[in-house]
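Have a look at final.txt below; it lists compact mmCIF, C-alpha atoms.
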```
# COMPACT_ATOMS: atom_id res chain seq x y z
CA MET A 1 -11.41 -14.45 23.48
CA ASN A 2 -7.65 -13.99 23.40
CA ASN A 3 -5.70 -15.54 20.56
CA TYR A 4 -2.29 -15.39 18.92
CA LEU A 5 -0.46 -16.47 15.80
CA LYS A 6 3.22 -16.44 14.89
CA LEU A 7 4.48 -16.84 11.35
CA GLU A 8 8.00 -16.80 9.90
CA PHE A 9 8.70 -16.38 6.21
CA PRO A 10 11.45 -15.21 3.82
CA SER A 11 11.49 -11.60 2.63
CA LEU A 12 10.13 -12.36 -0.83
CA PRO A 13 7.63 -10.10 -2.66
CA PRO A 14 4.89 -12.78 -2.96
CA ASN A 15 4.86 -13.03 0.84
CA VAL A 16 3.66 -9.41 1.14
CA GLY A 17 0.24 -10.46 -0.17
CA LEU A 18 0.32 -13.62 1.92
CA ALA A 19 0.95 -11.58 5.09
CA ARG A 20 -1.99 -9.29 4.22
CA LEU A 21 -4.26 -12.30 3.76
CA VAL A 22 -3.19 -13.93 7.04
CA VAL A 23 -3.61 -10.72 9.06
CA ALA A 24 -6.99 -9.87 7.50
CA THR A 25 -8.27 -13.37 8.27
CA PHE A 26 -6.95 -13.26 11.84
CA ALA A 27 -8.33 -9.73 12.40
CA SER A 28 -11.80 -10.81 11.27
CA GLN A 29 -12.20 -12.51 14.67
CA LEU A 30 -12.79 -9.00 16.02
CA GLU A 31 -15.63 -6.69 15.04
CA PHE A 32 -13.64 -4.66 12.53
CA THR A 33 -15.56 -3.03 9.69
CA LEU A 34 -14.50 -3.79 6.13
CA ALA A 35 -12.93 -0.31 5.93
CA GLU A 36 -10.89 -1.02 9.08
CA ILE A 37 -9.75 -4.38 7.67
CA GLU A 38 -8.61 -2.53 4.54
CA GLU A 39 -6.62 -0.10 6.67
CA ILE A 40 -4.96 -3.02 8.47
CA ARG A 41 -4.13 -4.66 5.12
CA VAL A 42 -2.40 -1.48 3.90
CA ALA A 43 -0.40 -1.11 7.14
CA VAL A 44 0.77 -4.74 7.03
CA SER A 45 1.61 -4.49 3.35
CA GLU A 46 3.79 -1.44 4.03
CA ALA A 47 5.57 -3.05 6.98
CA VAL A 48 6.37 -6.30 5.15
CA SER A 49 7.33 -4.40 1.97
CA ASN A 50 9.80 -2.40 4.06
CA CYS A 51 11.42 -5.68 5.16
CA VAL A 52 11.81 -6.76 1.53
CA ILE A 53 13.01 -3.38 0.19
CA HIS A 54 14.93 -1.80 3.05
CA ALA A 55 15.87 -4.46 5.63
CA TYR A 56 17.20 -6.99 3.15
CA PRO A 57 17.94 -5.01 -0.04
CA GLU A 58 20.39 -7.52 -1.50
CA ILE A 59 19.62 -10.76 0.30
CA THR A 60 16.57 -12.73 1.37
CA GLY A 61 16.18 -12.65 5.14
CA ILE A 62 13.75 -13.79 7.80
CA VAL A 63 10.57 -11.88 8.62
CA VAL A 64 8.60 -12.78 11.75
CA LEU A 65 4.94 -11.81 11.94
CA SER A 66 3.28 -12.03 15.36
CA LEU A 67 -0.42 -11.38 15.85
CA THR A 68 -2.21 -11.08 19.16
CA ILE A 69 -5.82 -10.49 20.08
CA GLU A 70 -6.08 -9.29 23.65
CA ASP A 71 -8.78 -7.23 25.38
CA SER A 72 -10.68 -6.93 22.08
CA GLY A 73 -7.70 -5.25 20.38
CA LEU A 74 -5.32 -6.44 17.66
CA THR A 75 -1.55 -6.15 17.99
CA ILE A 76 0.63 -6.78 14.95
CA GLN A 77 4.39 -7.12 15.35
CA ILE A 78 6.69 -7.47 12.35
CA THR A 79 10.39 -8.14 12.97
CA ASP A 80 13.34 -8.41 10.63
CA TYR A 81 17.03 -8.98 11.32
CA GLY A 82 18.24 -6.81 8.47
CA LYS A 83 20.24 -3.62 8.18
CA GLY A 84 18.11 -1.49 10.47
CA ILE A 85 17.23 2.20 10.32
CA VAL A 86 19.93 4.78 11.08
CA ASP A 87 17.57 7.74 11.61
CA ILE A 88 13.98 6.78 12.48
CA GLU A 89 12.74 10.40 12.52
CA GLN A 90 14.07 10.96 9.01
CA ALA A 91 12.49 7.69 7.84
CA LYS A 92 9.11 8.88 9.14
CA GLN A 93 9.13 11.95 6.90
CA ALA A 94 6.73 11.64 3.96
CA THR A 95 8.49 11.59 0.58
CA PHE A 96 11.71 10.37 2.19
CA SER A 97 12.79 7.18 0.52
CA THR A 98 16.18 5.72 -0.14
CA GLU A 99 14.83 3.80 -3.13
CA PRO A 100 13.74 5.09 -6.56
CA GLU A 101 10.08 4.42 -7.57
CA HIS A 102 9.06 4.36 -3.91
CA MET A 103 7.19 7.22 -2.37
CA GLY A 104 8.46 6.98 1.19
CA LEU A 105 4.89 6.78 2.42
CA GLY A 106 5.03 3.39 4.11
CA LEU A 107 5.47 4.68 7.66
CA VAL A 108 2.93 7.46 7.04
CA PHE A 109 0.30 4.89 6.02
CA MET A 110 1.11 2.69 9.04
CA GLU A 111 0.74 5.62 11.45
CA SER A 112 -2.42 6.89 9.76
CA PHE A 113 -4.27 3.62 9.43
CA MET A 114 -3.46 2.09 12.83
CA ASP A 115 -4.27 3.45 16.32
CA GLU A 116 -0.68 3.06 17.51
CA MET A 117 2.61 2.44 15.75
CA GLU A 118 6.00 1.99 17.36
CA LEU A 119 9.27 1.47 15.56
CA LYS A 120 12.39 0.05 17.19
CA SER A 121 15.53 -0.39 15.19
CA ARG A 122 19.25 -0.93 15.57
CA PRO A 123 21.59 -0.55 12.59
CA GLN A 124 22.90 -3.94 11.41
CA GLU A 125 20.65 -5.76 13.89
CA GLY A 126 17.15 -5.25 12.59
CA THR A 127 13.82 -3.56 13.07
CA THR A 128 10.59 -4.33 14.91
CA VAL A 129 7.39 -2.47 14.12
CA THR A 130 4.47 -2.86 16.53
CA MET A 131 1.02 -1.67 15.46
CA LYS A 132 -2.23 -1.73 17.41
CA LYS A 133 -5.83 -1.27 16.41
CA ARG A 134 -9.19 -1.68 18.09
CA PRO A 135 -12.51 -1.91 16.27
CA GLU A 136 -14.35 1.43 16.37
CA ARG A 137 -17.64 -0.49 16.49
CA GLY A 138 -16.42 -2.42 19.52
CA LEU A 139 -15.54 0.84 21.29
CA ALA A 140 -19.02 2.22 20.51
CA ASP A 141 -20.58 -0.94 21.95
CA ASP A 142 -18.47 -0.52 25.09
CA GLY A 143 -19.82 2.99 25.44
CA ILE A 144 -23.41 1.81 25.17
CA SER A 145 -22.92 -0.92 27.74
CA ARG A 146 -21.26 1.51 30.16
CA ASN A 147 -24.13 3.96 29.77
CA ASN A 148 -26.62 1.23 30.51
CA MET B 1 -3.00 -8.83 -11.21
CA THR B 2 -3.83 -8.51 -14.89
CA LEU B 3 -3.61 -5.45 -17.10
CA GLU B 4 -5.43 -4.43 -20.24
CA THR B 5 -4.17 -1.52 -22.30
CA GLU B 6 -5.89 0.44 -25.01
CA ARG B 7 -4.68 3.42 -26.99
CA CYS B 8 -7.23 6.13 -27.71
CA GLY B 9 -5.59 9.00 -29.60
CA ALA B 10 -3.06 10.64 -27.29
CA ASN B 11 -4.38 8.61 -24.33
CA LEU B 12 -3.25 5.27 -23.01
CA ILE B 13 -6.02 3.61 -21.00
CA VAL B 14 -4.78 0.97 -18.56
CA SER B 15 -7.34 -1.23 -16.82
CA ILE B 16 -5.96 -2.90 -13.71
CA ASP B 17 -7.58 -6.02 -12.26
CA GLY B 18 -6.31 -7.23 -8.88
CA GLU B 19 -3.80 -6.02 -6.29
CA LEU B 20 -1.13 -3.42 -7.03
CA ASP B 21 1.69 -3.94 -4.52
CA LEU B 22 5.41 -4.69 -4.26
CA GLU B 23 5.02 -7.94 -6.19
CA THR B 24 2.89 -6.61 -9.04
CA ALA B 25 4.13 -2.99 -9.34
CA PRO B 26 7.08 -4.03 -11.60
CA VAL B 27 4.63 -5.73 -13.99
CA PHE B 28 2.57 -2.53 -14.16
CA ARG B 29 5.72 -0.41 -14.65
CA ASP B 30 7.15 -2.62 -17.41
CA THR B 31 3.84 -3.02 -19.26
CA VAL B 32 3.03 0.71 -19.27
CA ASP B 33 6.60 1.72 -20.17
CA LYS B 34 6.57 -0.72 -23.07
CA LYS B 35 3.34 0.79 -24.40
CA LEU B 36 4.66 4.34 -23.94
CA ASN B 37 7.79 3.37 -25.88
CA GLN B 38 5.62 1.80 -28.56
CA TYR B 39 3.29 4.78 -29.03
CA ASP B 40 5.24 8.02 -29.41
CA SER B 41 2.07 10.10 -29.66
CA VAL B 42 0.64 9.01 -26.29
CA ARG B 43 0.78 11.89 -23.79
CA HIS B 44 -1.88 11.06 -21.22
CA LEU B 45 -2.40 8.06 -18.96
CA ILE B 46 -5.91 7.06 -17.83
CA LEU B 47 -6.06 4.35 -15.16
CA ASP B 48 -9.28 2.36 -14.85
CA LEU B 49 -9.22 1.31 -11.19
CA GLU B 50 -12.68 -0.30 -10.98
CA LYS B 51 -11.25 -3.79 -10.44
CA VAL B 52 -8.32 -2.80 -8.19
CA SER B 53 -8.87 -4.64 -4.93
CA PHE B 54 -5.80 -3.29 -3.15
CA ILE B 55 -3.12 -0.65 -3.55
CA ASP B 56 -0.23 0.42 -1.31
CA SER B 57 2.73 2.79 -1.60
CA SER B 58 4.61 0.41 -3.90
CA GLY B 59 1.70 0.56 -6.37
CA LEU B 60 1.44 4.33 -5.97
CA GLY B 61 5.19 4.67 -6.56
CA ALA B 62 4.88 2.81 -9.87
CA ILE B 63 2.03 5.13 -10.92
CA LEU B 64 4.03 8.20 -9.88
CA GLY B 65 7.01 7.00 -11.91
CA ARG B 66 4.89 6.82 -15.07
CA PHE B 67 3.45 10.28 -14.37
CA LYS B 68 6.95 11.77 -14.05
CA ARG B 69 7.79 10.40 -17.47
CA LEU B 70 4.62 11.76 -19.11
CA ASN B 71 4.80 15.07 -17.27
CA GLN B 72 8.13 15.83 -18.97
CA GLN B 73 6.20 15.79 -22.26
CA GLY B 74 3.27 17.85 -20.94
CA GLY B 75 1.12 14.78 -20.26
CA ARG B 76 -1.63 14.22 -17.69
CA LEU B 77 -2.54 11.43 -15.31
CA SER B 78 -6.13 10.56 -14.46
CA ALA B 79 -8.08 7.71 -12.89
CA ILE B 80 -11.62 6.51 -13.45
CA ARG B 81 -14.06 4.33 -11.50
CA VAL B 82 -12.17 4.62 -8.22
CA SER B 83 -13.62 2.85 -5.16
CA ARG B 84 -13.95 4.70 -1.85
CA GLN B 85 -11.19 2.61 -0.24
CA ILE B 86 -8.69 3.17 -3.04
CA LEU B 87 -9.61 6.87 -3.10
CA ARG B 88 -8.73 7.13 0.59
CA VAL B 89 -5.23 5.77 -0.04
CA LEU B 90 -4.81 8.14 -3.01
CA GLU B 91 -5.91 11.10 -0.86
CA LEU B 92 -3.54 10.25 1.97
CA SER B 93 -0.64 9.80 -0.44
CA GLY B 94 -1.05 13.29 -1.92
CA LEU B 95 -1.26 11.76 -5.40
CA LEU B 96 -4.56 13.57 -6.02
CA ARG B 97 -2.56 16.77 -6.41
CA ILE B 98 -1.37 15.45 -9.75
CA MET B 99 -4.09 12.93 -10.61
CA LYS B 100 -7.60 13.89 -11.75
CA ILE B 101 -10.48 11.59 -10.85
CA TYR B 102 -13.38 11.02 -13.27
CA ASP B 103 -16.46 8.84 -13.16
CA ASP B 104 -15.83 7.11 -16.45
CA ARG B 105 -13.75 6.88 -19.57
CA ARG B 106 -15.87 9.38 -21.54
CA GLN B 107 -15.39 12.09 -18.92
CA ALA B 108 -11.64 11.48 -18.79
CA LEU B 109 -11.29 11.56 -22.58
CA ASP B 110 -13.38 14.74 -22.87
CA SER B 111 -11.37 16.62 -20.25
```

Could you take the file, read its structure, and then write that structure out as structure tokens?
Amino acid sequence: MNNYLKLEFPSLPPNVGLARLVVATFASQLEFTLAEIEEIRVAVSEAVSNCVIHAYPEITGIVVLSLTIEDSGLTIQITDYGKGIVDIEQAKQATFSTEPEHMGLGLVFMESFMDEMELKSRPQEGTTVTMKKRPERGLADDGISRNN
Amino acid sequence: MTLETERCGANLIVSIDGELDLETAPVFRDTVDKKLNQYDSVRHLILDLEKVSFIDSSGLGAILGRFKRLNQQGGRLSAIRVSRQILRVLELSGLLRIMKIYDDRRQALDS
């Protein structure tokens, strides 16, 4: 069953937890394990936190969360219209952070916990992160059915 | 998220209940810093993570910040009662290089 959801909210810290809750609930339509749902929650938390901390450091801006279930896989897209990333490769380095008290691990967690992660950004225009994940259990079931 | 703190000799034990993220990390930071300011003799931080239902890099950053402060005075950072999911995030972050994991409070205090 294909499905989608689109949500727009301001870049406020309480909305990080709200985004996690929405995505976890939406993702539960697929056969994700609890551990996989936890991984998705961390990835979403990092992406939305980046909007709050980096995209709109001094103002409150718009964050758009788009969720799609297609072909038994989940696609999460998070877009902001903030200041953008000047050097994406540098931003992907662990321990790189432009902010004190932050570990610079957000992108590392997103890449590690999701099957695919793509980052598109233009300085002064904004950033879109697209992450994909399929349930491991669902893939195993596919294998069994193919073998039969 | 709620926090409970308890001083035990040179140790400050902080029990965290709930989610440690961008919204709650400042509460953790301010509460622990206030206790560290209050108790000059505290050198070591023990985090009881049994009731932590979620942690991300914002939460880890707040923990790392407190470690940096204690480390300047020769202090240690440890965590007890860590769930498998939270442990996975700690492992991936590299924080286990500076944070010892123990089963319970007694083990952490005896170390």

For chain A against chain B, which residues fall within 9 Å using all atoms listed in the file, given as a PyMOL selection string? chain A and resi 12-17+35+38-39+41-43+45-46+49+52-53+94+100-106+108-109+112

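Residue nearest Ile101 of chain B, chosen from B:Gln73, B:Ile46, B:Asn37, B:Leu12 and counting all atoms listed in the file: B:Ile46.
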
Find the spatial neighbours of Gln124 of chain A, counting all atoms listed in the file, within a cut-off of 7 Å - ignore same-chain residues fewer than 3 positions away - and output them as a list of chain:residue names.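 The residues that qualify are A:Gly82, A:Lys83, A:Gly84.
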
Store the residues picked out above, limited to C-alpha atoms, as an mmCIF file, in the coordinates of the input.
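Result written to result.cif:
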```cif
data_model
loop_
_atom_site.group_PDB
_atom_site.id
_atom_site.type_symbol
_atom_site.label_atom_id
_atom_site.label_comp_id
_atom_site.auth_asym_id
_atom_site.auth_seq_id
_atom_site.Cartn_x
_atom_site.Cartn_y
_atom_site.Cartn_z
ATOM 1 C CA GLY A 82 18.240 -6.810 8.470
ATOM 2 C CA LYS A 83 20.240 -3.620 8.180
ATOM 3 C CA GLY A 84 18.110 -1.490 10.470
#
```

For atom CA of Val82 of chain B and atom CA of Ala19 of chain A, determine how far apart the two atoms are, in Å to one decimal place.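 It comes out at 24.7 Å.
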
One number please: atom CA of Glu136 of chain A to atom CA of Thr75 of chain A, in Å, one decimal.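 If I compute the distance from atom CA of Glu136 of chain A to atom CA of Thr75 of chain A, I get 15.0 Å.
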
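Note that atom CA of Arg81 of chain B and atom CA of Val48 of chain A are 28.4 Å apart.
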
Quick one: everything within 8 Å of Met117 of chain A, counting only C-alpha atoms, minus sequence neighbours fewer than 5 positions away in the same chain. Send it as a list in words. Met110, Glu111, Val129, Thr130, Met131 and Lys132 of chain A

Identify, on the basis of all atoms listed in the file, every residue whose closest approach to Ala27 of chain A does not exceed 9 Å; exclude the query and any residue fewer than 2 positions from it along the same chain; express the result as a ChimeraX atom specification. /A:22-25,29-32,37,40,67,69,74

Go through B:Cys8, B:Ile80, B:Val52, B:Ile16 and flag the residue nearest Asp104 of chain B, using only C-alpha atoms for the distances.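 Closest residue, counting only C-alpha atoms: B:Ile80.
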
Using all atoms listed in the file, what residues lie at most 7 Å away from (3.8, -6.6, 11.9) (file coordinates), given as a ChimeraX atom specification? /A:44,47,65-66,76-79,129-131

Only C-alpha atoms, please: the residues just picked out, written as a PDB file, in the frame of the given file.
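See selection-v3.pdb below for the written result:
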```pdb
ATOM      1  CA  VAL A  44       0.770  -4.740   7.030  1.00  0.00           C
ATOM      2  CA  ALA A  47       5.570  -3.050   6.980  1.00  0.00           C
ATOM      3  CA  LEU A  65       4.940 -11.810  11.940  1.00  0.00           C
ATOM      4  CA  SER A  66       3.280 -12.030  15.360  1.00  0.00           C
ATOM      5  CA  ILE A  76       0.630  -6.780  14.950  1.00  0.00           C
ATOM      6  CA  GLN A  77       4.390  -7.120  15.350  1.00  0.00           C
ATOM      7  CA  ILE A  78       6.690  -7.470  12.350  1.00  0.00           C
ATOM      8  CA  THR A  79      10.390  -8.140  12.970  1.00  0.00           C
ATOM      9  CA  VAL A 129       7.390  -2.470  14.120  1.00  0.00           C
ATOM     10  CA  THR A 130       4.470  -2.860  16.530  1.00  0.00           C
ATOM     11  CA  MET A 131       1.020  -1.670  15.460  1.00  0.00           C
TER      12      MET A 131
END
```

Find, counting all atoms listed in the file, the residue in A:Thr68, A:Glu125, A:Met114, A:Asp80 that gets nearest to Asn50 of chain A.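 Counting all atoms listed in the file, the residue closest to Asn50 of chain A is A:Asp80.
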
Choose the residue, out of A:Gly73, A:Gly61, A:Lys92, A:Asn3, that has the smallest atom-to-atom separation from Glu118 of chain A; count only C-alpha atoms.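 Of A:Gly73, A:Gly61, A:Lys92, A:Asn3, the one nearest Glu118 of chain A is A:Lys92, counting only C-alpha atoms.
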